[in-house]
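The block underneath contains the structure these notes are about, expressed in structure tokens.
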Amino acid sequence: MPVCPKCQSQFEITPEDRQLYDKVSPVINNIKYHVPEPFLCPDCRQQLKMIWRNERNLFHRADAITGESIISIYAEENIATIKPKNFWSDDFDATKWGQDFDPNQPFFEQWHEMMKSIPRMAVTQKNVENSEYTHRSTDLKNCYWSILTFFSEDCHYCHYVVSSKNCIDCAFSGGLELCYDCLDCENCYNGISLRQCENTNNSAHCFECKGIENCLFCTNLRHKKNFLFNQESTPKKIAEIKTEISLSSTKKIEWLKKYQALLLESPRRHASFINCENCTGDYLKDCKDVYKGYDIDATQDCRYCTDGDMSVKDSIDCYQIAINAELCFNCHGAVGTNIFCSDSCWYSSNILYSSECFNSNFLFGCAGLHNKEYCILNKQYTKKEYFDLVPKIIEHMQKTQEWAKFFPPKYSPFGYNHTTGQIYMPLTETEARKQGFNWSNYEAPKPQVEKIIPASKLPEKIKEIPDEILKWAIECEISKKPFRLIPAELKFYREQNIPCPKRHPDVRFLDRFKLRNPRKLWHRKCVKDGCKNEFETSYSPDRPEIVYCEKCYLETVY
Amino acid sequence: MLRRDAQIGRLYMRGIIRLLECHAKTRRNTKYKDACNASLRDELSCTDNPRIVPSKF
């Protein structure tokens, strides 16, 4: 078994992997340019793609064309950034940065020399109203700092949220209303700290419950009303405890300790699969023959892919892949066919080593192009010239050992600390730099406020928080970063009787994110007495939770 | 996100499609334009009431 030179872990290369590597190998002029076997483990391979994605960190920048102030995902002043409207304008033509290929220089150096001059799209958003501080989002109204959020209104600090209203600090959820701190939930109303719940109403601190109403500190319940710690209770008693935990953090900690004990006694399903066949991974729906996939929907014959949506087929080593993507290899953000070692290329085909290229075909080593064909390093060629030159570049890359590798991390426009890599595989600055990753030393400007108060000095009861807090900043109890409340947020906390947060939104997001299982698999046995089923699960063997196979879990819950 | 609920799944897909579909003038790549429109059409045709926010509560 090969050993990853980066993390020293052993990893396998299966016959199915080899078969798929062969399938995604590009064919040019009837010659197949084979993808060599990977030398890094799947996790390290994914990490190299994650450093090309900044989801959550937004900065004030000046548009590189118009000079106007914009919100951008690029912190560093040396990365030119422009607002989406200017990027999509017919006046923006990145072929003007085109250059000739030099066979005496490594390819990636030439590509980076060209790429660093081309302005990049500041944020991706569409039809947002009063929601400028958002990214990768569409159809929003009055939302603040919400990422990958669609068709929602009055949602703040949300991440991967769909069709929701009046929510704060929710993630990977849909159909929520008046919810706070909910994770992996659907169709919930007036919920607080719900995890993997569906169709719940007026409930708080519940895990994997469905169709419940007015329940508190419950797990694995189905269609119950007025339950407390999985026992039938009265609405009066539940209301009393809800008030108690909203007024005193000491009492809340006591109740939460009891809830944690209940959580450890409650069985968990080994993986979240819906309608899947022959799959391994977690959070999979409508998938077939997916191997080590995470957060994937409607996908077939894919290996080591994460975050995929809608009819993805025959792809390997991809991160963020969607809509009819097929035969993609080693990509971040691929939407199209035959996309090879590229970053954010949508509705395109036969794209190799390109970044932020859209609606294009037959590009090699390009950046910032749309509606182009037969371009190499952003220079326009004829079809014949293109197919004459591309094999020469591939042979050159094979000699320089650049072939089939993703872009070197030092060329990423982001510091590792701003990327999704830091969310999934956190590193210190020293560790990141040692591995050749960039690190951003960007320091946010100090908030222009009357004063910054330590979180410990905040009153516990939300009713005691004065309106003046909107003019102050709060110093996060963990990261010590100051943060402000927005008026809509304060109104929400008051109406819902939720204490004022003591942690920065980034810290709150990471706290919630850590509640999801890691993107790793362990081979385990069902722990139910008498069951001999074995499975791959994201619960490591040293974790204290009781993990059941799907059959035993359903038998226990229903 | 698992998107167990069909309506949420459809809205999520619609969001992704809207996010990825490029500026109208630039969408000349017929193959992907058609695929995108087909996905959107399928999704819209099975949405009885394309509400932006669920109102069931």
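Within each chain, counting starts at residue 1; across the structure tokens, chains are named A, B, ... in the order shown, with ligands numbered 1 upward in that order.
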
Nearby residues (only C-alpha atoms) at most 7 Å from Thr149 in chain A, same-chain spacing under 2 positions excluded, as a count of residues only: 9

Expected answer as number ranges by chain: chain A residues within 8 Å of chain B, only C-alpha atoms: A: 88, 124-126, 136-139, 150-153, 160, 162-165, 172-175, 184, 186, 189, 272, 274, 283-285, 295, 297, 309-310, 323-324, 336, 346-348, 358-360, 370-371

Closest of A:Glu240, A:Asn201, A:Gly191, A:Pro408 to His112 in chain A - atom-to-atom distances counting only C-alpha atoms: A:Pro408

Exercise: Val312 in chain A partners within 7 Å, only C-alpha atoms, chain neighbours under 5 positions left out, as an MDAnalysis selection string: chainID A and resid 298:300 322:326

Go ahead and save the picked residues with N, CA and C atoms, as a PDB file, in the first residue's frame.
ATOM      1  N   ALA A 298     -27.618  12.673  -6.104  1.00  0.00           N
ATOM      2  CA  ALA A 298     -27.851  12.232  -7.486  1.00  0.00           C
ATOM      3  C   ALA A 298     -26.553  12.029  -8.276  1.00  0.00           C
ATOM      4  N   THR A 299     -25.746  11.135  -7.826  1.00  0.00           N
ATOM      5  CA  THR A 299     -24.440  10.933  -8.438  1.00  0.00           C
ATOM      6  C   THR A 299     -24.177   9.445  -8.663  1.00  0.00           C
ATOM      7  N   GLN A 300     -23.423   9.157  -9.687  1.00  0.00           N
ATOM      8  CA  GLN A 300     -23.179   7.760 -10.048  1.00  0.00           C
ATOM      9  C   GLN A 300     -21.720   7.560 -10.451  1.00  0.00           C
ATOM     10  N   ALA A 322     -21.057  19.750 -10.085  1.00  0.00           N
ATOM     11  CA  ALA A 322     -22.527  19.812 -10.172  1.00  0.00           C
ATOM     12  C   ALA A 322     -23.044  19.757 -11.605  1.00  0.00           C
ATOM     13  N   ILE A 323     -24.350  19.590 -11.695  1.00  0.00           N
ATOM     14  CA  ILE A 323     -25.173  19.651 -12.911  1.00  0.00           C
ATOM     15  C   ILE A 323     -24.552  18.960 -14.137  1.00  0.00           C
ATOM     16  N   ASN A 324     -24.869  17.707 -14.259  1.00  0.00           N
ATOM     17  CA  ASN A 324     -24.467  16.923 -15.440  1.00  0.00           C
ATOM     18  C   ASN A 324     -22.952  16.856 -15.648  1.00  0.00           C
ATOM     19  N   ALA A 325     -22.188  17.078 -14.607  1.00  0.00           N
ATOM     20  CA  ALA A 325     -20.730  16.991 -14.770  1.00  0.00           C
ATOM     21  C   ALA A 325     -20.353  15.534 -15.039  1.00  0.00           C
ATOM     22  N   GLU A 326     -19.451  15.345 -15.944  1.00  0.00           N
ATOM     23  CA  GLU A 326     -19.097  13.995 -16.351  1.00  0.00           C
ATOM     24  C   GLU A 326     -17.621  13.955 -16.738  1.00  0.00           C
TER      25      GLU A 326
END

Contact residues around Asn226 in chain A with only C-alpha atoms at 8 Å, ignoring same-chain residues under 5 positions, as a list of chain:residue names: A:Glu213, A:Asn214, A:Cys215, A:Leu216, A:Glu232, A:Ser233, A:Thr234, A:Pro235, A:Ile238

Selection from above, C-alpha atoms, as a CSV table (one decimal), in the first residue's frame, can you write it?
chain,number,residue,atom,x,y,z
A,213,GLU,CA,-44.0,19.5,18.9
A,214,ASN,CA,-43.0,21.3,22.0
A,215,CYS,CA,-40.2,18.9,23.0
A,216,LEU,CA,-37.0,19.7,24.9
A,232,GLU,CA,-43.8,12.6,28.4
A,233,SER,CA,-44.2,15.9,30.2
A,234,THR,CA,-46.5,18.9,30.5
A,235,PRO,CA,-46.3,22.1,28.4
A,238,ILE,CA,-41.3,22.5,29.4

Find the residues around range 43-46 of chain A up to 9 Å (only C-alpha atoms counted), leave out those fewer than 6 positions away in its own chain, and share them as an mmCIF file with all heavy atoms, in the first residue's frame.
data_model
loop_
_atom_site.group_PDB
_atom_site.id
_atom_site.type_symbol
_atom_site.label_atom_id
_atom_site.label_comp_id
_atom_site.auth_asym_id
_atom_site.auth_seq_id
_atom_site.Cartn_x
_atom_site.Cartn_y
_atom_site.Cartn_z
ATOM 1 N N CYS A 4 1.359 8.150 1.869
ATOM 2 C CA CYS A 4 1.274 9.551 1.449
ATOM 3 C C CYS A 4 2.511 10.291 1.988
ATOM 4 O O CYS A 4 2.738 10.303 3.193
ATOM 5 C CB CYS A 4 -0.006 10.176 1.991
ATOM 6 S SG CYS A 4 -0.114 11.944 1.681
ATOM 7 N N LYS A 6 2.923 13.304 2.383
ATOM 8 C CA LYS A 6 2.568 14.529 3.106
ATOM 9 C C LYS A 6 2.115 14.225 4.536
ATOM 10 O O LYS A 6 2.576 14.866 5.472
ATOM 11 C CB LYS A 6 1.452 15.231 2.330
ATOM 12 C CG LYS A 6 1.318 16.675 2.634
ATOM 13 C CD LYS A 6 0.652 17.393 1.479
ATOM 14 C CE LYS A 6 0.007 18.654 1.955
ATOM 15 N NZ LYS A 6 -1.289 18.455 2.562
ATOM 16 N N CYS A 7 1.219 13.257 4.673
ATOM 17 C CA CYS A 7 0.685 12.988 6.017
ATOM 18 C C CYS A 7 1.147 11.629 6.565
ATOM 19 O O CYS A 7 0.766 11.257 7.667
ATOM 20 C CB CYS A 7 -0.840 13.073 6.006
ATOM 21 S SG CYS A 7 -1.617 11.777 5.051
ATOM 22 N N TYR A 304 -13.975 9.452 -4.491
ATOM 23 C CA TYR A 304 -13.279 10.530 -3.777
ATOM 24 C C TYR A 304 -13.804 11.912 -4.192
ATOM 25 O O TYR A 304 -13.033 12.833 -4.434
ATOM 26 C CB TYR A 304 -11.763 10.468 -4.019
ATOM 27 C CG TYR A 304 -11.174 9.085 -3.868
ATOM 28 C CD1 TYR A 304 -10.708 8.383 -4.973
ATOM 29 C CD2 TYR A 304 -11.109 8.483 -2.619
ATOM 30 C CE1 TYR A 304 -10.189 7.102 -4.842
ATOM 31 C CE2 TYR A 304 -10.582 7.202 -2.481
ATOM 32 C CZ TYR A 304 -10.128 6.523 -3.601
ATOM 33 O OH TYR A 304 -9.610 5.262 -3.475
ATOM 34 N N CYS A 305 -15.108 12.034 -4.313
ATOM 35 C CA CYS A 305 -15.690 13.338 -4.658
ATOM 36 C C CYS A 305 -16.478 13.855 -3.456
ATOM 37 O O CYS A 305 -17.114 13.070 -2.742
ATOM 38 C CB CYS A 305 -16.629 13.223 -5.860
ATOM 39 S SG CYS A 305 -15.751 12.913 -7.395
ATOM 40 N N THR A 306 -16.444 15.145 -3.234
ATOM 41 C CA THR A 306 -17.227 15.724 -2.147
ATOM 42 C C THR A 306 -18.012 16.911 -2.669
ATOM 43 O O THR A 306 -17.570 17.594 -3.602
ATOM 44 C CB THR A 306 -16.327 16.196 -0.985
ATOM 45 O OG1 THR A 306 -15.380 17.117 -1.504
ATOM 46 C CG2 THR A 306 -15.590 15.059 -0.326
ATOM 47 N N ASP A 317 -11.747 12.420 -7.663
ATOM 48 C CA ASP A 317 -10.934 13.458 -7.012
ATOM 49 C C ASP A 317 -11.461 14.857 -7.275
ATOM 50 O O ASP A 317 -10.689 15.777 -7.606
ATOM 51 C CB ASP A 317 -9.465 13.386 -7.500
ATOM 52 C CG ASP A 317 -8.731 12.208 -6.901
ATOM 53 O OD1 ASP A 317 -9.143 11.743 -5.830
ATOM 54 O OD2 ASP A 317 -7.752 11.752 -7.509
ATOM 55 N N CYS A 318 -12.753 15.051 -7.136
ATOM 56 C CA CYS A 318 -13.311 16.382 -7.390
ATOM 57 C C CYS A 318 -13.933 16.948 -6.118
ATOM 58 O O CYS A 318 -14.473 16.212 -5.296
ATOM 59 C CB CYS A 318 -14.370 16.334 -8.489
ATOM 60 S SG CYS A 318 -13.645 15.999 -10.089
ATOM 61 N N TYR A 319 -13.884 18.241 -5.991
ATOM 62 C CA TYR A 319 -14.458 18.947 -4.856
ATOM 63 C C TYR A 319 -15.389 20.009 -5.423
ATOM 64 O O TYR A 319 -14.949 20.835 -6.224
ATOM 65 C CB TYR A 319 -13.318 19.578 -4.033
ATOM 66 C CG TYR A 319 -13.757 20.531 -2.955
ATOM 67 C CD1 TYR A 319 -14.686 20.151 -2.000
ATOM 68 C CD2 TYR A 319 -13.226 21.814 -2.874
ATOM 69 C CE1 TYR A 319 -15.077 21.028 -0.998
ATOM 70 C CE2 TYR A 319 -13.606 22.684 -1.868
ATOM 71 C CZ TYR A 319 -14.534 22.291 -0.942
ATOM 72 O OH TYR A 319 -14.924 23.158 0.047
ATOM 73 N N ASN A 330 -9.840 15.698 -10.752
ATOM 74 C CA ASN A 330 -8.970 16.595 -9.985
ATOM 75 C C ASN A 330 -9.373 18.056 -10.140
ATOM 76 O O ASN A 330 -8.554 18.899 -10.522
ATOM 77 C CB ASN A 330 -7.512 16.386 -10.460
ATOM 78 C CG ASN A 330 -6.527 16.696 -9.360
ATOM 79 O OD1 ASN A 330 -6.908 16.879 -8.202
ATOM 80 N ND2 ASN A 330 -5.260 16.761 -9.698
ATOM 81 N N HIS A 332 -11.772 21.587 -8.775
ATOM 82 C CA HIS A 332 -12.616 22.276 -7.809
ATOM 83 C C HIS A 332 -13.635 23.077 -8.617
ATOM 84 O O HIS A 332 -13.265 23.852 -9.501
ATOM 85 C CB HIS A 332 -11.794 23.244 -6.932
ATOM 86 C CG HIS A 332 -12.648 24.317 -6.336
ATOM 87 N ND1 HIS A 332 -12.458 25.657 -6.588
ATOM 88 C CD2 HIS A 332 -13.726 24.227 -5.524
ATOM 89 C CE1 HIS A 332 -13.381 26.341 -5.938
ATOM 90 N NE2 HIS A 332 -14.156 25.513 -5.302
ATOM 91 N N PHE A 406 -2.780 19.088 -9.525
ATOM 92 C CA PHE A 406 -3.567 20.319 -9.414
ATOM 93 C C PHE A 406 -2.608 21.499 -9.277
ATOM 94 O O PHE A 406 -1.421 21.312 -8.995
ATOM 95 C CB PHE A 406 -4.490 20.217 -8.192
ATOM 96 C CG PHE A 406 -5.640 21.194 -8.247
ATOM 97 C CD1 PHE A 406 -6.634 21.064 -9.193
ATOM 98 C CD2 PHE A 406 -5.721 22.253 -7.350
ATOM 99 C CE1 PHE A 406 -7.685 21.962 -9.262
ATOM 100 C CE2 PHE A 406 -6.766 23.152 -7.411
ATOM 101 C CZ PHE A 406 -7.750 23.013 -8.359
ATOM 102 N N GLY A 421 -10.243 24.705 3.394
ATOM 103 C CA GLY A 421 -9.235 23.796 3.942
ATOM 104 C C GLY A 421 -9.104 23.999 5.445
ATOM 105 O O GLY A 421 -9.006 23.036 6.210
ATOM 106 N N ARG A 519 -14.929 13.952 7.564
ATOM 107 C CA ARG A 519 -15.000 13.267 6.268
ATOM 108 C C ARG A 519 -13.943 12.166 6.222
ATOM 109 O O ARG A 519 -12.994 12.219 5.442
ATOM 110 C CB ARG A 519 -14.815 14.287 5.141
ATOM 111 C CG ARG A 519 -16.029 15.175 4.987
ATOM 112 C CD ARG A 519 -15.878 16.180 3.904
ATOM 113 N NE ARG A 519 -17.183 16.782 3.602
ATOM 114 C CZ ARG A 519 -17.381 17.715 2.693
ATOM 115 N NH1 ARG A 519 -16.375 18.170 2.004
ATOM 116 N NH2 ARG A 519 -18.588 18.194 2.476
ATOM 117 N N LYS A 520 -14.115 11.215 7.124
ATOM 118 C CA LYS A 520 -13.226 10.057 7.184
ATOM 119 C C LYS A 520 -14.083 8.842 7.487
ATOM 120 O O LYS A 520 -15.141 8.984 8.106
ATOM 121 C CB LYS A 520 -12.209 10.229 8.310
ATOM 122 C CG LYS A 520 -11.074 11.121 7.961
ATOM 123 C CD LYS A 520 -10.015 11.102 9.023
ATOM 124 C CE LYS A 520 -8.858 11.951 8.525
ATOM 125 N NZ LYS A 520 -7.660 11.780 9.219
#

Residues of range 410-522 of chain A in strand (DSSP E), written as a list in words: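 Going through range 410-522 of chain A, the strand (DSSP E) residues come out as Ile452, Ile453, Pro454, Ala473, Ile474, Glu475, Pro482, Phe483 and Trp522 of chain A.
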
So that I have them on file, write out the residues from the current selection with N, CA and C atoms, as a PDB file, in the first residue's frame.
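Full text of part_30.pdb as output:
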ATOM      1  N   ILE A 452     -15.525  48.670  23.045  1.00  0.00           N
ATOM      2  CA  ILE A 452     -15.528  47.208  22.857  1.00  0.00           C
ATOM      3  C   ILE A 452     -15.643  46.593  24.243  1.00  0.00           C
ATOM      4  N   ILE A 453     -16.684  45.789  24.440  1.00  0.00           N
ATOM      5  CA  ILE A 453     -16.875  45.202  25.771  1.00  0.00           C
ATOM      6  C   ILE A 453     -16.556  43.703  25.742  1.00  0.00           C
ATOM      7  N   PRO A 454     -15.899  43.190  26.783  1.00  0.00           N
ATOM      8  CA  PRO A 454     -15.625  41.748  26.811  1.00  0.00           C
ATOM      9  C   PRO A 454     -16.927  40.959  26.933  1.00  0.00           C
ATOM     10  N   ALA A 473     -18.999  47.051  20.208  1.00  0.00           N
ATOM     11  CA  ALA A 473     -18.577  45.741  19.694  1.00  0.00           C
ATOM     12  C   ALA A 473     -18.350  44.826  20.891  1.00  0.00           C
ATOM     13  N   ILE A 474     -18.518  43.546  20.682  1.00  0.00           N
ATOM     14  CA  ILE A 474     -18.321  42.560  21.755  1.00  0.00           C
ATOM     15  C   ILE A 474     -17.021  41.820  21.452  1.00  0.00           C
ATOM     16  N   GLU A 475     -16.207  41.621  22.460  1.00  0.00           N
ATOM     17  CA  GLU A 475     -14.960  40.874  22.254  1.00  0.00           C
ATOM     18  C   GLU A 475     -15.253  39.389  22.466  1.00  0.00           C
ATOM     19  N   PRO A 482     -13.272  41.296  17.885  1.00  0.00           N
ATOM     20  CA  PRO A 482     -14.498  42.041  18.176  1.00  0.00           C
ATOM     21  C   PRO A 482     -15.563  41.790  17.100  1.00  0.00           C
ATOM     22  N   PHE A 483     -16.787  41.751  17.501  1.00  0.00           N
ATOM     23  CA  PHE A 483     -17.877  41.616  16.540  1.00  0.00           C
ATOM     24  C   PHE A 483     -19.055  42.474  16.996  1.00  0.00           C
ATOM     25  N   TRP A 522     -14.318   4.746   9.010  1.00  0.00           N
ATOM     26  CA  TRP A 522     -13.718   3.648   9.752  1.00  0.00           C
ATOM     27  C   TRP A 522     -14.605   2.408   9.580  1.00  0.00           C
TER      28      TRP A 522
END

Interatomic distance, CA of Asp181 in chain A to CA of Tyr424 in chain A (Å, one decimal): 19.7 Å

Spatial neighbours of Ile478 in chain A, 10 Å, only C-alpha atoms, chain gap at least 5 places, as a ChimeraX atom specification: /A:455,502-504,507-508

Selection near Cys143 in chain A, 7 Å with only C-alpha atoms, sequence-local residues under 2 positions removed, as a PyMOL selection string: chain A and resi 130-131+140-141+145-146+153-156

For CA of Glu55 in chain A and CA of Tyr411 in chain A, the interatomic separation in Å (one decimal): 17.9 Å

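One finds CA of Ala171 in chain A at 13.1 Å from CA of Asn187 in chain A.
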
Pick from A:Cys279, A:Ile351, A:Ile339, A:Ala271 nearest to Arg516 in chain A, counting only C-alpha atoms: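 Smallest separation from Arg516 in chain A among the options: A:Ala271.
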